[in-house]
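**Q** Handing over query_23.csv, CSV, C-alpha atoms.
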chain,number,residue,atom,x,y,z
U,15,MET,CA,48.0,87.4,-94.1
U,16,SER,CA,47.0,90.5,-92.3
U,17,LEU,CA,49.3,93.4,-91.6
U,18,THR,CA,48.9,92.9,-87.8
U,19,LEU,CA,49.9,89.2,-88.0
U,20,ASN,CA,52.9,90.2,-90.2
U,21,LEU,CA,54.0,92.7,-87.6
U,22,ILE,CA,53.8,90.1,-84.8
U,23,ILE,CA,55.8,87.6,-86.8
U,24,GLU,CA,58.5,90.1,-87.8
U,25,SER,CA,58.7,91.3,-84.2
U,26,ILE,CA,59.4,87.7,-83.1
U,27,PHE,CA,62.1,87.4,-85.8
U,28,PHE,CA,63.6,90.6,-84.5
U,29,LEU,CA,63.8,89.2,-80.9
U,30,VAL,CA,65.3,85.9,-82.1
U,31,SER,CA,67.9,87.8,-84.2
U,32,VAL,CA,69.0,89.8,-81.2
U,33,LEU,CA,69.5,86.6,-79.2
U,34,LEU,CA,71.5,85.0,-82.0
U,35,LEU,CA,73.7,88.1,-82.3
U,36,TYR,CA,74.5,88.2,-78.6
U,37,LYS,CA,75.2,84.5,-78.2
U,38,GLY,CA,77.0,84.2,-81.4
U,39,SER,CA,79.3,87.1,-80.7
U,40,ASN,CA,80.1,85.8,-77.3
U,41,ILE,CA,81.1,82.4,-78.6
U,42,LEU,CA,83.1,84.0,-81.5
U,43,VAL,CA,85.2,86.2,-79.1
U,44,ILE,CA,86.0,83.2,-76.9
U,45,GLY,CA,86.9,81.0,-79.8
U,46,THR,CA,89.1,83.6,-81.4
U,47,SER,CA,91.1,84.4,-78.3
U,48,LYS,CA,91.6,80.7,-77.4
U,49,THR,CA,92.5,79.7,-80.9
U,50,ALA,CA,95.0,82.5,-81.2
U,51,ALA,CA,96.7,81.4,-78.0
U,52,ARG,CA,96.8,77.7,-79.2
U,53,LEU,CA,98.3,78.6,-82.6
U,54,GLY,CA,100.7,81.2,-81.3
U,55,VAL,CA,99.1,83.8,-83.5
U,56,SER,CA,97.9,87.1,-82.1
U,57,SER,CA,94.1,87.7,-81.7
U,58,LEU,CA,94.6,90.8,-83.9
U,59,VAL,CA,95.7,88.7,-86.9
U,60,ILE,CA,92.7,86.3,-86.5
U,61,SER,CA,90.3,89.2,-86.0
U,62,LEU,CA,91.6,91.0,-89.1
U,63,THR,CA,91.1,87.9,-91.2
U,64,VAL,CA,88.8,85.0,-90.1
U,65,VAL,CA,86.5,87.0,-87.8
U,66,ALA,CA,86.4,90.1,-90.0
U,67,TYR,CA,85.6,88.1,-93.2
U,68,GLY,CA,83.0,86.0,-91.4
U,69,THR,CA,81.1,89.0,-90.0
U,70,SER,CA,81.2,90.6,-93.5
U,71,VAL,CA,79.3,87.8,-95.1
U,72,PRO,CA,76.0,89.7,-94.8
U,73,GLU,CA,77.5,92.6,-96.8
U,74,LEU,CA,78.8,90.2,-99.4
U,75,ALA,CA,75.5,88.4,-99.7
U,76,ALA,CA,73.4,91.5,-99.8
U,77,SER,CA,75.6,93.5,-102.2
U,78,GLY,CA,76.5,90.5,-104.4
U,79,LEU,CA,72.8,89.6,-104.8
U,80,ALA,CA,71.9,93.2,-105.6
U,81,ALA,CA,74.6,93.3,-108.3
U,82,PHE,CA,73.3,90.1,-109.9
U,83,GLN,CA,69.8,91.5,-109.9
U,84,SER,CA,71.0,94.8,-111.5
U,85,HIS,CA,70.6,97.0,-108.5
U,86,PRO,CA,74.1,98.7,-108.4
U,87,GLY,CA,72.9,101.6,-106.2
U,88,PHE,CA,71.8,99.1,-103.5
U,89,SER,CA,75.2,97.3,-103.6
U,90,LEU,CA,77.2,100.6,-103.2
U,91,GLY,CA,74.8,102.1,-100.7
U,92,ASN,CA,75.1,99.0,-98.5
U,93,ILE,CA,78.9,99.0,-98.5
U,94,ALA,CA,79.3,102.7,-98.0
U,95,GLY,CA,76.8,102.7,-95.1
U,96,SER,CA,78.4,99.6,-93.6
U,97,CYS,CA,81.9,101.0,-93.7
U,98,LEU,CA,80.9,104.2,-92.0
U,99,ALA,CA,78.7,102.3,-89.5
U,100,ASN,CA,81.8,100.2,-88.6
U,101,LEU,CA,84.1,103.2,-88.0
U,102,LEU,CA,81.6,105.6,-86.4
U,103,LEU,CA,78.8,103.7,-84.8
U,104,VAL,CA,80.4,100.4,-83.9
U,105,LEU,CA,83.8,101.7,-83.0
U,106,GLY,CA,82.3,104.6,-81.1
U,107,LEU,CA,79.9,102.4,-79.1
U,108,SER,CA,82.6,99.9,-78.3
U,109,ALA,CA,84.7,102.7,-76.9
U,110,VAL,CA,81.7,104.0,-74.9
U,111,ILE,CA,81.2,100.5,-73.4
U,112,ASN,CA,84.9,100.3,-72.5
U,113,PRO,CA,87.8,102.6,-73.6
U,114,LEU,CA,89.8,100.8,-76.2
U,115,SER,CA,93.6,100.3,-75.9
U,116,VAL,CA,95.3,100.6,-79.3
U,117,SER,CA,98.3,98.5,-80.1
U,118,LYS,CA,101.2,99.9,-82.1
U,119,THR,CA,100.6,97.3,-84.8
U,120,ILE,CA,97.2,98.8,-85.5
U,121,ILE,CA,98.5,102.3,-85.8
U,122,LYS,CA,101.6,101.4,-87.9
U,123,ARG,CA,100.3,98.6,-90.1
U,124,GLU,CA,96.5,98.2,-90.1
U,125,MET,CA,95.4,101.8,-90.3
U,126,PRO,CA,97.7,102.7,-93.3
U,127,VAL,CA,96.2,99.6,-95.1
U,128,LEU,CA,92.7,100.9,-94.5
U,129,LEU,CA,93.7,104.4,-95.6
U,130,LEU,CA,95.2,103.1,-98.8
U,131,SER,CA,92.0,101.0,-99.5
U,132,VAL,CA,89.7,104.0,-99.0
U,133,THR,CA,91.9,106.3,-101.1
U,134,LEU,CA,92.0,103.7,-103.9
U,135,LEU,CA,88.2,103.4,-103.8
U,136,LEU,CA,87.7,107.2,-104.0
U,137,PHE,CA,90.2,107.4,-106.9
U,138,LEU,CA,88.2,104.8,-108.8
U,139,VAL,CA,84.9,106.5,-108.0
U,140,TYR,CA,86.2,109.8,-109.2
U,141,LEU,CA,87.3,108.3,-112.5
U,142,ASN,CA,84.0,106.4,-112.8
U,143,MET,CA,86.0,103.1,-112.9
U,144,LEU,CA,83.9,100.8,-110.8
U,145,ASN,CA,83.7,98.4,-113.7
U,146,LEU,CA,85.5,95.2,-114.8
U,147,LEU,CA,88.9,96.9,-114.8
U,148,GLY,CA,88.4,98.7,-111.5
U,149,GLY,CA,87.0,95.6,-109.9
U,150,LEU,CA,90.0,93.5,-111.0
U,151,VAL,CA,92.3,96.2,-109.5
U,152,LEU,CA,90.4,96.0,-106.1
U,153,VAL,CA,90.4,92.2,-106.1
U,154,VAL,CA,94.2,92.0,-106.9
U,155,PHE,CA,94.9,94.4,-104.0
U,156,PHE,CA,92.8,92.2,-101.7
U,157,ILE,CA,94.7,89.1,-102.7
U,158,LEU,CA,98.0,90.9,-101.9
U,159,TYR,CA,96.6,92.0,-98.6
U,160,LEU,CA,95.5,88.4,-97.7
U,161,VAL,CA,98.9,87.0,-98.8
U,162,PHE,CA,100.6,89.6,-96.6
U,163,PHE,CA,98.6,88.6,-93.5
U,164,LEU,CA,99.1,84.9,-94.1
U,165,ARG,CA,102.9,85.6,-94.0
U,166,VAL,CA,102.4,87.6,-90.8
U,167,ALA,CA,100.5,84.7,-89.3
U,168,HIS,CA,103.2,82.2,-90.3
U,169,THR,CA,105.9,84.4,-88.8
U,170,GLU,CA,104.0,84.8,-85.5
U,171,HIS,CA,103.4,81.1,-85.4
U,172,LYS,CA,107.1,80.3,-85.8
U,173,ASN,CA,108.2,82.8,-83.1
U,174,SER,CA,105.4,82.0,-80.6
U,175,GLU,CA,106.2,80.7,-77.2
U,176,ASN,CA,102.6,79.4,-76.7
U,177,LEU,CA,102.7,76.5,-79.1
U,178,ASN,CA,102.9,74.0,-76.2
U,179,GLU,CA,99.6,74.9,-74.6
U,180,LYS,CA,98.2,71.4,-74.9
U,181,ASN,CA,95.3,72.3,-72.6
U,182,VAL,CA,93.7,74.4,-75.3
U,183,SER,CA,91.6,72.3,-77.8
U,184,LEU,CA,92.1,73.6,-81.3
U,185,LYS,CA,89.2,71.7,-82.7
U,186,LYS,CA,86.9,72.8,-79.9
U,187,TYR,CA,87.6,76.5,-80.2
U,188,GLY,CA,87.8,76.3,-84.0
U,189,LEU,CA,84.2,75.0,-83.8
U,190,PHE,CA,83.4,78.0,-81.5
U,191,ILE,CA,84.6,80.4,-84.3
U,192,MET,CA,82.5,78.6,-86.9
U,193,LEU,CA,79.4,78.5,-84.7
U,194,GLY,CA,79.8,82.1,-83.7
U,195,ILE,CA,80.1,83.3,-87.3
U,196,ILE,CA,77.0,81.2,-88.2
U,197,PHE,CA,75.0,82.6,-85.3
U,198,VAL,CA,75.9,86.3,-85.9
U,199,VAL,CA,75.3,86.0,-89.7
U,200,ALA,CA,71.9,84.3,-89.2
U,201,GLY,CA,71.0,86.8,-86.6
U,202,ALA,CA,71.9,89.7,-88.8
U,203,GLN,CA,70.0,88.3,-91.8
U,204,LEU,CA,66.8,87.9,-89.7
U,205,LEU,CA,67.3,91.4,-88.3
U,206,VAL,CA,67.8,92.9,-91.8
U,207,ASP,CA,64.7,91.2,-93.1
U,208,SER,CA,62.5,92.4,-90.3
U,209,ALA,CA,64.0,96.0,-90.5
U,210,VAL,CA,63.4,96.2,-94.2
U,211,PHE,CA,59.8,95.0,-93.6
U,212,PHE,CA,59.2,97.7,-91.0
U,213,ALA,CA,60.8,100.3,-93.3
U,214,LYS,CA,58.6,99.4,-96.2
U,215,VAL,CA,55.5,99.5,-94.1
U,216,PHE,CA,56.4,103.2,-93.3
U,217,GLY,CA,57.2,103.9,-97.0
U,218,VAL,CA,61.0,104.6,-96.7
U,219,PRO,CA,62.7,104.9,-100.2
U,220,GLU,CA,65.0,101.9,-101.2
U,221,ILE,CA,68.2,104.0,-101.5
U,222,VAL,CA,67.8,105.3,-98.0
U,223,ILE,CA,67.1,101.7,-96.8
U,224,ALA,CA,70.3,100.5,-98.4
U,225,ILE,CA,72.6,103.2,-96.9
U,226,SER,CA,70.9,103.2,-93.5
U,227,LEU,CA,68.8,100.3,-92.3
U,228,VAL,CA,70.4,97.6,-94.5
U,229,ALA,CA,73.9,98.9,-93.9
U,230,ILE,CA,73.4,99.0,-90.2
U,231,GLY,CA,71.8,95.6,-90.3
U,232,THR,CA,74.7,94.0,-92.2
U,233,SER,CA,77.1,95.7,-89.7
U,234,LEU,CA,75.4,94.1,-86.7
U,235,PRO,CA,77.8,91.2,-86.7
U,236,GLU,CA,80.7,93.6,-86.3
U,237,LEU,CA,78.7,95.6,-83.7
U,238,ALA,CA,77.9,92.4,-81.7
U,239,VAL,CA,81.5,91.0,-81.9
U,240,SER,CA,83.2,94.3,-81.2
U,241,ALA,CA,80.9,95.3,-78.4
U,242,VAL,CA,81.3,92.0,-76.6
U,243,ALA,CA,85.1,92.0,-77.2
U,244,SER,CA,85.2,95.5,-75.8
U,245,LYS,CA,83.3,94.5,-72.7
U,246,LYS,CA,85.7,91.6,-72.2
U,247,GLY,CA,88.7,93.9,-72.6
U,248,GLN,CA,89.8,92.3,-75.9
U,249,SER,CA,90.5,95.6,-77.7
U,250,ASP,CA,92.6,94.0,-80.5
U,251,ILE,CA,89.6,91.8,-81.5
U,252,SER,CA,87.2,94.8,-81.3
U,253,ILE,CA,89.3,97.1,-83.4
U,254,GLY,CA,90.8,94.5,-85.7
U,255,ASN,CA,87.4,93.1,-86.6
U,256,LEU,CA,86.3,96.5,-87.8
U,257,ILE,CA,89.4,97.4,-89.8
U,258,GLY,CA,89.5,94.0,-91.4
U,259,SER,CA,85.8,94.2,-92.3
U,260,ASN,CA,86.2,97.5,-94.0
U,261,VAL,CA,89.2,96.4,-96.0
U,262,PHE,CA,87.2,93.3,-97.0
U,263,ASN,CA,84.1,95.4,-97.9
U,264,ILE,CA,86.1,97.9,-100.0
U,265,LEU,CA,88.6,95.6,-101.8
U,266,LEU,CA,86.7,92.3,-102.2
U,267,ILE,CA,83.0,93.0,-102.1
U,268,ILE,CA,83.0,96.2,-104.2
U,269,GLY,CA,85.6,94.6,-106.4
U,270,VAL,CA,83.5,91.5,-107.0
U,271,CYS,CA,80.3,93.5,-107.5
U,272,SER,CA,82.1,95.8,-110.1
U,273,ILE,CA,83.2,92.7,-112.0
U,274,ILE,CA,79.6,91.3,-112.0
U,275,THR,CA,78.1,94.6,-113.2
U,276,PRO,CA,79.4,98.2,-113.7
U,277,LEU,CA,78.5,100.3,-110.6
U,278,PRO,CA,77.7,103.9,-111.5
U,279,ALA,CA,78.3,105.9,-108.3
U,280,ASP,CA,75.8,108.6,-107.6
U,281,SER,CA,76.4,111.8,-105.5
U,282,ARG,CA,75.3,110.0,-102.3
U,283,PHE,CA,78.0,107.4,-102.7
U,284,LEU,CA,80.7,109.9,-103.7
U,285,LEU,CA,79.9,112.0,-100.6
U,286,SER,CA,79.9,108.9,-98.4
U,287,THR,CA,83.3,107.8,-99.7
U,288,ILE,CA,84.7,111.3,-99.1
U,289,LEU,CA,83.4,111.2,-95.6
U,290,LEU,CA,84.8,107.7,-95.1
U,291,LEU,CA,88.3,109.0,-96.1
U,292,LEU,CA,87.9,111.9,-93.7
U,293,VAL,CA,86.9,109.7,-90.9
U,294,THR,CA,89.8,107.3,-91.6
U,295,ILE,CA,92.2,110.3,-91.4
U,296,ILE,CA,90.6,111.6,-88.2
U,297,LEU,CA,91.1,108.3,-86.6
U,298,PHE,CA,94.9,108.6,-86.9
U,299,PRO,CA,95.3,111.4,-84.3
U,300,ILE,CA,92.6,109.8,-82.1
U,301,LEU,CA,94.6,106.5,-82.0
U,302,TYR,CA,97.9,108.3,-81.5
U,303,THR,CA,96.6,110.3,-78.6
U,304,GLY,CA,97.4,108.1,-75.6
U,305,LYS,CA,97.2,105.1,-77.9
U,306,ARG,CA,93.6,104.5,-76.9
U,307,ILE,CA,90.0,105.5,-77.8
U,308,SER,CA,88.3,107.2,-74.8
U,309,ARG,CA,84.6,107.2,-74.0
U,310,TRP,CA,84.4,110.9,-75.1
U,311,GLU,CA,86.1,110.1,-78.4
U,312,GLY,CA,83.6,107.3,-78.8
U,313,VAL,CA,80.7,109.7,-78.2
U,314,PHE,CA,82.3,112.0,-80.8
U,315,LEU,CA,82.4,109.2,-83.4
U,316,VAL,CA,78.8,108.2,-82.7
U,317,SER,CA,77.7,111.8,-83.0
U,318,ILE,CA,79.2,112.1,-86.5
U,319,TYR,CA,77.3,109.0,-87.5
U,320,PHE,CA,74.0,110.4,-86.4
U,321,VAL,CA,74.7,113.6,-88.4
U,322,TYR,CA,75.5,111.4,-91.4
U,323,MET,CA,72.2,109.6,-91.0
U,324,TRP,CA,70.3,112.9,-90.8
U,325,PHE,CA,72.1,114.0,-94.0
U,326,ILE,CA,71.2,110.7,-95.8
U,327,PHE,CA,67.5,111.0,-94.9
U,328,PHE,CA,67.1,114.6,-95.9
U,329,TYR,CA,69.6,114.9,-98.8
U,330,LYS,CA,67.8,115.6,-102.1
For this file, write the structure as structure tokens.
**A**
Amino acid sequence: MSLTLNLIIESIFFLVSVLLLYKGSNILVIGTSKTAARLGVSSLVISLTVVAYGTSVPELAASGLAAFQSHPGFSLGNIAGSCLANLLLVLGLSAVINPLSVSKTIIKREMPVLLLSVTLLLFLVYLNMLNLLGGLVLVVFFILYLVFFLRVAHTEHKNSENLNEKNVSLKKYGLFIMLGIIFVVAGAQLLVDSAVFFAKVFGVPEIVIAISLVAIGTSLPELAVSAVASKKGQSDISIGNLIGSNVFNILLIIGVCSIITPLPADSRFLLSTILLLLVTIILFPILYTGKRISRWEGVFLVSIYFVYMWFIFFYK
């Protein structure tokens, strides 16, 4: 098959992936908000769990497969790049689309959990403990995190005043969530495949592909969901999706990959993890200031991301 024909086919896949991402994210936001109202659980809790984990499936698939195939650098590069893309590119663009209101719950409960997760990861990287023991530690923390949110969801369900909303079909909007996740994951996979193809045509090194193109590609579900949620004024879904995805990426995906095979962290990953910690810390005053993320703050976050990408491409 000629190169020209391959380029045409991959371009078609690219367009189809964009359509799947847009439609899937739209369905997912609707399904999440309606299901939350029916169950009496806040959209934030559902976004931090069901939606966040669903949109993180591309990272799990890509990094897990790379670990099985003994490409640890690819696994780590994908996760580091995805986490930074979520907090800088996706959150920043969402705020540019529509300034994001930040609930007190995110500031007092969700952000400290994220900070703890990033700090734990940096500690394990510094001690070169991304192995069986370190992986088990990360997975145990993830299980504790999940149990905590199940208890939160149970409490919200008991205290809810919306349980009698019979006009909302739980099965219908539960199906919306499932279809939305399937669409955004399928769209992201197609987009990653086509992006990697184009990158290889131009001779981009694998490690750079993992941290940049593949990481951005596997973060596209989060971008699609958060951007649409932001446009619809669903700030809790937009922010909750990103925080939940990062916690999922750090605790579960890196944990599982470390159990599969030891992950020797190179200087790029160490520097990326340090930057991730700094960005997480920087977000605290941004969120506290007026309890919102303004358009200018969104531009600031996106700018940091582009500087990071420049560094990754030119770092020796």
**Q** Rank U:Ser47, U:Thr287, U:Thr232, U:Thr63 by their smallest atom-to-atom distance to Tyr159 (chain U), using all atoms listed in the file, and report the top residue only.
**A**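 When distances to Tyr159 (chain U) are compared using all atoms listed in the file, the smallest one comes from U:Thr63.
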**Q** Counting only C-alpha atoms, which of U:Cys271, U:Val166, U:Ala76, U:Leu291 gets nearest to Gly54 (chain U)?
**A** U:Val166
**Q** For Ala229 (chain U), which of U:Tyr329, U:Phe88, U:Tyr302, U:Phe28 is the closest residue, counting only C-alpha atoms?
**A** U:Phe88
**Q** Using all atoms listed in the file, can you tell me which of U:Leu146, U:Ile120, U:Val154, U:Val270 comes closest to Leu256 (chain U)?
**A**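 Of U:Leu146, U:Ile120, U:Val154, U:Val270, the one nearest Leu256 (chain U), counting all atoms listed in the file, is U:Ile120.
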**Q** Got a sec: who's within 12 Å of Phe137 (chain U), counting only C-alpha atoms, leaving out chain neighbours fewer than 5 positions off, as a PyMOL selection string?
**A** chain U and resi 130-132+142-144+148+151-152+284+287-288+291
**Q** Figure out the distance between CA of Cys97 (chain U) and CA of Ile318 (chain U), please, to one decimal in Å.
**A**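 Answer for the CA of Ile318 (chain U) to CA of Cys97 (chain U) separation: 13.5 Å.
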**Q** Just checking: using only C-alpha atoms, which residue out of U:Thr119, U:Asn112, U:Lys305, U:Leu98 ends up closest to Leu292 (chain U)?
**A**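 Between U:Thr119, U:Asn112, U:Lys305, U:Leu98, the residue approaching Leu292 (chain U) most closely is U:Leu98.
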**Q** Restricting the calculation to all atoms listed in the file, which member of U:Ser286, U:Thr49, U:Ser117, U:Ser16 is positioned closest to Gly254 (chain U)?
**A**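 Selected residue with least distance to Gly254 (chain U): U:Ser117.
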**Q** Give me, as a PyMOL selection string, all polymer residues having an atom no more than 8 Å from Ile300 (chain U), counting only C-alpha atoms and skipping those fewer than 6 positions away in the same chain.
**A** chain U and resi 306-307+311
**Q** Distance CA of Val199 (chain U)-CA of Ala75 (chain U), one decimal place?
**A**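 Taking CA of Val199 (chain U) and CA of Ala75 (chain U), their separation equals 10.3 Å.
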**Q** Find the spatial neighbours of Ile295 (chain U), counting only C-alpha atoms, within a cut-off of 10 Å - ignore same-chain residues fewer than 6 positions away - and output them as JSON, numbers by chain.
**A** {"U": [125, 126, 128, 129, 289]}
**Q** Please produce an output containing C-alpha atoms for each residue in the selection, written as a short mmCIF file (atom, residue, chain, number, x, y, z; two decimals), in the coordinates of the input.
**A**
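Produced file part-v2.cif, reproduced below:
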data_model
loop_
_atom_site.label_atom_id
_atom_site.label_comp_id
_atom_site.auth_asym_id
_atom_site.auth_seq_id
_atom_site.Cartn_x
_atom_site.Cartn_y
_atom_site.Cartn_z
CA MET U 125 95.40 101.80 -90.30
CA PRO U 126 97.70 102.70 -93.30
CA LEU U 128 92.70 100.90 -94.50
CA LEU U 129 93.70 104.40 -95.60
CA LEU U 289 83.40 111.20 -95.60
#
**Q** Report, in Å with one decimal, the straight-line distance from CA of Phe262 (chain U) to CA of Lys214 (chain U).
**A**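 Separation of CA of Phe262 (chain U) and CA of Lys214 (chain U): 29.3 Å.
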**Q** If I put a ball of radius 12 Å at (78.7, 83.3, -96.1) in the file's coordinates, which residues poke into it when counting only C-alpha atoms, written as a PyMOL selection string?
**A** chain U and resi 64-76+78+192+195-200+202-203
